[in-house]
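A.B. asks: Take a look at this one; I'll ask things after.
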Amino acid sequence: MSSGFIEHFTTSLNEIFNSLKIIIPLYPAALQTSSFVLPCADNWLVHTMDHVAEASLQTILDAIKQFKTEMTAHFDSKTETIQTGLQNIQGSLNSLCEQISELEQRVSSNEDNVDDLTKRVQTLEKENAYLKDKVEDAENRNRSSNLRFIGVPEKSEGRDMIVFMNKMIPLLLGCENFSTMPVIERAHRTPIFGSNAQSAPRPILVKFLHFQDKVKILRLARAKGVLTYSGTRIHIYPDFSAGLVKKRREFDAVKKILRAADIKYSLL
């Protein structure tokens, strides 16, 4: 576009110069003729130069108009291309804005759902903890009349565990302490787990009909101290749930210190 204008402008200037080359040499010849006098020659030259100037100006104006037209067309084409690109960009931005708005709504909805689920989970955790405590309490209440006898040799009970326990308890704690034998509902060995599962004898779990019989046996065992049966040391413990046993073990270090200081203690 700009090269065309320069070429057109250069052509116009060349035409002007060529006109001047034709007109100016005529001036001396006109002066030599008898029909021309200096004033007339001067007027003719001035008039001719005016026409040349007007023609040159007109040529320049035409070139400027053509340049303006070309520039306008060029800018219009470029502007149209830019406008189309801007419209496409605006469309893309509008689409992105809609997608972002939709995402914001979804995120807000998800946050609300997460908050609701978090509250529900917290509520369920509280209820679960409460129910676990209730179940553990019910389990320990059900075990309240149970005792575990640790260290009784395997197969010493024979075929009837209840008859065997009714004989062994007086031997351990003294027959004089039992005018009537405690009533045993059930008695059986329980499995053990860990490194001593193969070597140590399984504990015997005994469930008494009356809670007072269990308390009496525990009291007599603590009072006697060391209990033996057939040369084997026997230990008698209350039967607790796994959760309560874990909680009681947290005090093992304290119990060790109290035993070293010969201080009596008990866990409630």
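Please note that chains go A, B, ... in the order of the structure tokens, that every chain numbers its residues from 1, and that ligands are numbered from 1 in the order shown.
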Using only C-alpha atoms, which residues sit within 9 Å of region 186-188 of chain A once same-chain residues fewer than 3 positions away are excluded, as a PyMOL selection string?
C.D. replies: chain A and resi 161-162+165+203-209
A.B. asks: DSSP on the backbone: what in region 143-242 of chain A comes out alpha helix (DSSP H), as number ranges by chain?
C.D. replies: A: 161-173, 211-224, 242
A.B. asks: Mind pulling up the distance from CA of Ala221 (chain A) to CA of Asp160 (chain A)?
C.D. replies: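 Interatomic distance here is 23.5 Å.
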A.B. asks: Just checking: using only C-alpha atoms, which residue out of A:Val152, A:Gln87, A:Glu104, A:Pro191 ends up closest to Ser230 (chain A)?
C.D. replies: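 Of A:Val152, A:Gln87, A:Glu104, A:Pro191, the one nearest Ser230 (chain A), counting only C-alpha atoms, is A:Val152.
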A.B. asks: Extract, using only C-alpha atoms, all DNA, RNA and protein residues at most 9 Å from region 135-138 of chain A, discarding same-chain residues fewer than 4 positions from it, and format them as a PDB file with N, CA, C and O atoms, in the first residue's frame.
C.D. replies:
```pdb
ATOM      1  N   TYR A 130     -20.366 -43.085  71.813  1.00  0.00           N
ATOM      2  CA  TYR A 130     -21.336 -43.337  72.887  1.00  0.00           C
ATOM      3  C   TYR A 130     -21.794 -44.798  72.874  1.00  0.00           C
ATOM      4  O   TYR A 130     -21.855 -45.463  73.926  1.00  0.00           O
ATOM      5  N   LEU A 131     -22.085 -45.305  71.651  1.00  0.00           N
ATOM      6  CA  LEU A 131     -22.540 -46.694  71.551  1.00  0.00           C
ATOM      7  C   LEU A 131     -21.435 -47.672  71.928  1.00  0.00           C
ATOM      8  O   LEU A 131     -21.702 -48.714  72.546  1.00  0.00           O
ATOM      9  N   ASN A 142     -21.882 -57.969  81.777  1.00  0.00           N
ATOM     10  CA  ASN A 142     -22.141 -59.392  81.534  1.00  0.00           C
ATOM     11  C   ASN A 142     -20.990 -60.262  82.057  1.00  0.00           C
ATOM     12  O   ASN A 142     -21.207 -61.427  82.426  1.00  0.00           O
ATOM     13  N   ARG A 143     -19.774 -59.693  82.085  1.00  0.00           N
ATOM     14  CA  ARG A 143     -18.615 -60.422  82.593  1.00  0.00           C
ATOM     15  C   ARG A 143     -18.402 -60.219  84.103  1.00  0.00           C
ATOM     16  O   ARG A 143     -17.406 -60.696  84.645  1.00  0.00           O
ATOM     17  N   SER A 241     -13.435 -56.840  79.422  1.00  0.00           N
ATOM     18  CA  SER A 241     -13.443 -56.740  77.960  1.00  0.00           C
ATOM     19  C   SER A 241     -12.076 -56.269  77.468  1.00  0.00           C
ATOM     20  O   SER A 241     -11.262 -55.736  78.231  1.00  0.00           O
ATOM     21  N   ALA A 242     -11.837 -56.448  76.166  1.00  0.00           N
ATOM     22  CA  ALA A 242     -10.542 -56.066  75.598  1.00  0.00           C
ATOM     23  C   ALA A 242     -10.295 -54.569  75.735  1.00  0.00           C
ATOM     24  O   ALA A 242      -9.175 -54.120  76.019  1.00  0.00           O
ATOM     25  N   GLY A 243     -11.360 -53.762  75.560  1.00  0.00           N
ATOM     26  CA  GLY A 243     -11.198 -52.323  75.690  1.00  0.00           C
ATOM     27  C   GLY A 243     -10.818 -51.910  77.090  1.00  0.00           C
ATOM     28  O   GLY A 243      -9.951 -51.044  77.284  1.00  0.00           O
ATOM     29  N   LEU A 244     -11.461 -52.521  78.084  1.00  0.00           N
ATOM     30  CA  LEU A 244     -11.149 -52.171  79.463  1.00  0.00           C
ATOM     31  C   LEU A 244      -9.753 -52.668  79.852  1.00  0.00           C
ATOM     32  O   LEU A 244      -9.033 -51.990  80.601  1.00  0.00           O
TER      33      LEU A 244
END
```
A.B. asks: Work out how far apart CA of Glu70 (chain A) and CA of Ser56 (chain A) are and give it in Å to one decimal.
C.D. replies: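 Atom-to-atom, CA of Glu70 (chain A) and CA of Ser56 (chain A) are spaced 20.7 Å apart.
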A.B. asks: One decimal, Å: what's the distance from CA of Lys256 (chain A) over to CA of His235 (chain A), could you say?
C.D. replies: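 So the two atoms, CA of Lys256 (chain A) and CA of His235 (chain A), lie 17.5 Å apart.
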A.B. asks: Near Thr228 (chain A), within 12 Å and counting only C-alpha atoms, which residues show up once chain neighbours fewer than 2 positions away are dropped, as an mmCIF file with N, CA, C and O atoms, in the first residue's frame?
C.D. replies:
```cif
data_model
loop_
_atom_site.group_PDB
_atom_site.id
_atom_site.type_symbol
_atom_site.label_atom_id
_atom_site.label_comp_id
_atom_site.auth_asym_id
_atom_site.auth_seq_id
_atom_site.Cartn_x
_atom_site.Cartn_y
_atom_site.Cartn_z
ATOM 1 N N PHE A 149 -8.733 -68.042 85.519
ATOM 2 C CA PHE A 149 -7.723 -68.798 86.249
ATOM 3 C C PHE A 149 -6.565 -69.056 85.287
ATOM 4 O O PHE A 149 -6.724 -69.772 84.282
ATOM 5 N N ILE A 150 -5.403 -68.458 85.592
ATOM 6 C CA ILE A 150 -4.250 -68.500 84.709
ATOM 7 C C ILE A 150 -3.212 -69.484 85.268
ATOM 8 O O ILE A 150 -2.902 -69.464 86.470
ATOM 9 N N GLY A 151 -2.672 -70.334 84.414
ATOM 10 C CA GLY A 151 -1.585 -71.229 84.795
ATOM 11 C C GLY A 151 -2.001 -72.647 85.095
ATOM 12 O O GLY A 151 -1.144 -73.479 85.456
ATOM 13 N N VAL A 152 -3.280 -72.975 84.990
ATOM 14 C CA VAL A 152 -3.727 -74.343 85.262
ATOM 15 C C VAL A 152 -3.236 -75.249 84.139
ATOM 16 O O VAL A 152 -3.481 -74.964 82.960
ATOM 17 N N PRO A 153 -2.503 -76.335 84.464
ATOM 18 C CA PRO A 153 -1.951 -77.201 83.412
ATOM 19 C C PRO A 153 -3.032 -77.753 82.489
ATOM 20 O O PRO A 153 -4.164 -78.005 82.894
ATOM 21 N N MET A 168 -10.891 -77.718 92.608
ATOM 22 C CA MET A 168 -9.651 -76.955 92.665
ATOM 23 C C MET A 168 -9.782 -75.690 93.504
ATOM 24 O O MET A 168 -8.847 -75.314 94.228
ATOM 25 N N ILE A 169 -10.927 -75.034 93.462
ATOM 26 C CA ILE A 169 -11.074 -73.752 94.184
ATOM 27 C C ILE A 169 -10.873 -73.943 95.694
ATOM 28 O O ILE A 169 -10.125 -73.180 96.326
ATOM 29 N N PRO A 170 -11.507 -74.941 96.324
ATOM 30 C CA PRO A 170 -11.229 -75.141 97.762
ATOM 31 C C PRO A 170 -9.773 -75.502 98.044
ATOM 32 O O PRO A 170 -9.219 -75.103 99.075
ATOM 33 N N LEU A 171 -9.132 -76.268 97.152
ATOM 34 C CA LEU A 171 -7.727 -76.614 97.346
ATOM 35 C C LEU A 171 -6.838 -75.375 97.283
ATOM 36 O O LEU A 171 -5.851 -75.270 98.021
ATOM 37 N N LEU A 172 -7.169 -74.433 96.433
ATOM 38 C CA LEU A 172 -6.376 -73.206 96.311
ATOM 39 C C LEU A 172 -6.596 -72.258 97.479
ATOM 40 O O LEU A 172 -5.642 -71.675 98.019
ATOM 41 N N LEU A 173 -7.855 -72.113 97.894
ATOM 42 C CA LEU A 173 -8.194 -71.040 98.840
ATOM 43 C C LEU A 173 -8.530 -71.561 100.243
ATOM 44 O O LEU A 173 -8.731 -70.746 101.147
ATOM 45 N N GLY A 174 -8.599 -72.878 100.404
ATOM 46 C CA GLY A 174 -8.903 -73.443 101.728
ATOM 47 C C GLY A 174 -10.335 -73.928 101.807
ATOM 48 O O GLY A 174 -11.267 -73.143 101.580
ATOM 49 N N ALA A 221 -8.154 -64.845 97.381
ATOM 50 C CA ALA A 221 -6.918 -64.999 96.602
ATOM 51 C C ALA A 221 -5.929 -63.893 96.946
ATOM 52 O O ALA A 221 -4.716 -64.136 97.076
ATOM 53 N N LYS A 224 -4.449 -64.593 100.440
ATOM 54 C CA LYS A 224 -3.505 -65.696 100.512
ATOM 55 C C LYS A 224 -2.205 -65.396 99.794
ATOM 56 O O LYS A 224 -1.129 -65.891 100.156
ATOM 57 N N GLY A 225 -2.267 -64.598 98.747
ATOM 58 C CA GLY A 225 -1.037 -64.223 98.044
ATOM 59 C C GLY A 225 -0.694 -65.217 96.952
ATOM 60 O O GLY A 225 -1.251 -65.180 95.859
ATOM 61 N N VAL A 226 0.222 -66.125 97.252
ATOM 62 C CA VAL A 226 0.698 -67.087 96.259
ATOM 63 C C VAL A 226 -0.218 -68.306 96.269
ATOM 64 O O VAL A 226 -0.444 -68.921 97.322
ATOM 65 N N SER A 230 -0.697 -78.406 92.063
ATOM 66 C CA SER A 230 0.195 -79.435 91.496
ATOM 67 C C SER A 230 1.566 -78.847 91.191
ATOM 68 O O SER A 230 2.171 -79.119 90.148
ATOM 69 N N GLY A 231 2.033 -77.989 92.096
ATOM 70 C CA GLY A 231 3.341 -77.384 91.931
ATOM 71 C C GLY A 231 3.403 -76.244 90.927
ATOM 72 O O GLY A 231 4.497 -75.734 90.635
ATOM 73 N N THR A 232 2.286 -75.844 90.410
ATOM 74 C CA THR A 232 2.237 -74.762 89.417
ATOM 75 C C THR A 232 1.557 -73.548 90.033
ATOM 76 O O THR A 232 0.516 -73.681 90.699
ATOM 77 N N ARG A 233 2.133 -72.390 89.831
ATOM 78 C CA ARG A 233 1.541 -71.169 90.376
ATOM 79 C C ARG A 233 0.320 -70.777 89.550
ATOM 80 O O ARG A 233 0.341 -70.760 88.322
ATOM 81 N N ILE A 234 -0.740 -70.439 90.292
ATOM 82 C CA ILE A 234 -2.015 -70.087 89.669
ATOM 83 C C ILE A 234 -2.328 -68.625 89.996
ATOM 84 O O ILE A 234 -2.102 -68.159 91.118
ATOM 85 N N HIS A 235 -2.848 -67.910 88.984
ATOM 86 C CA HIS A 235 -3.280 -66.515 89.158
ATOM 87 C C HIS A 235 -4.774 -66.412 88.840
ATOM 88 O O HIS A 235 -5.263 -67.052 87.912
ATOM 89 N N ILE A 236 -5.455 -65.613 89.666
ATOM 90 C CA ILE A 236 -6.894 -65.410 89.465
ATOM 91 C C ILE A 236 -7.129 -63.926 89.200
ATOM 92 O O ILE A 236 -6.714 -63.062 89.991
#
```
A.B. asks: If DSSP is run on the backbone, what residues of region 166-246 of chain A are strand (DSSP E)? A reply as a ChimeraX atom specification would be ideal.
C.D. replies: /A:184-189,204-208,227-229,232-238
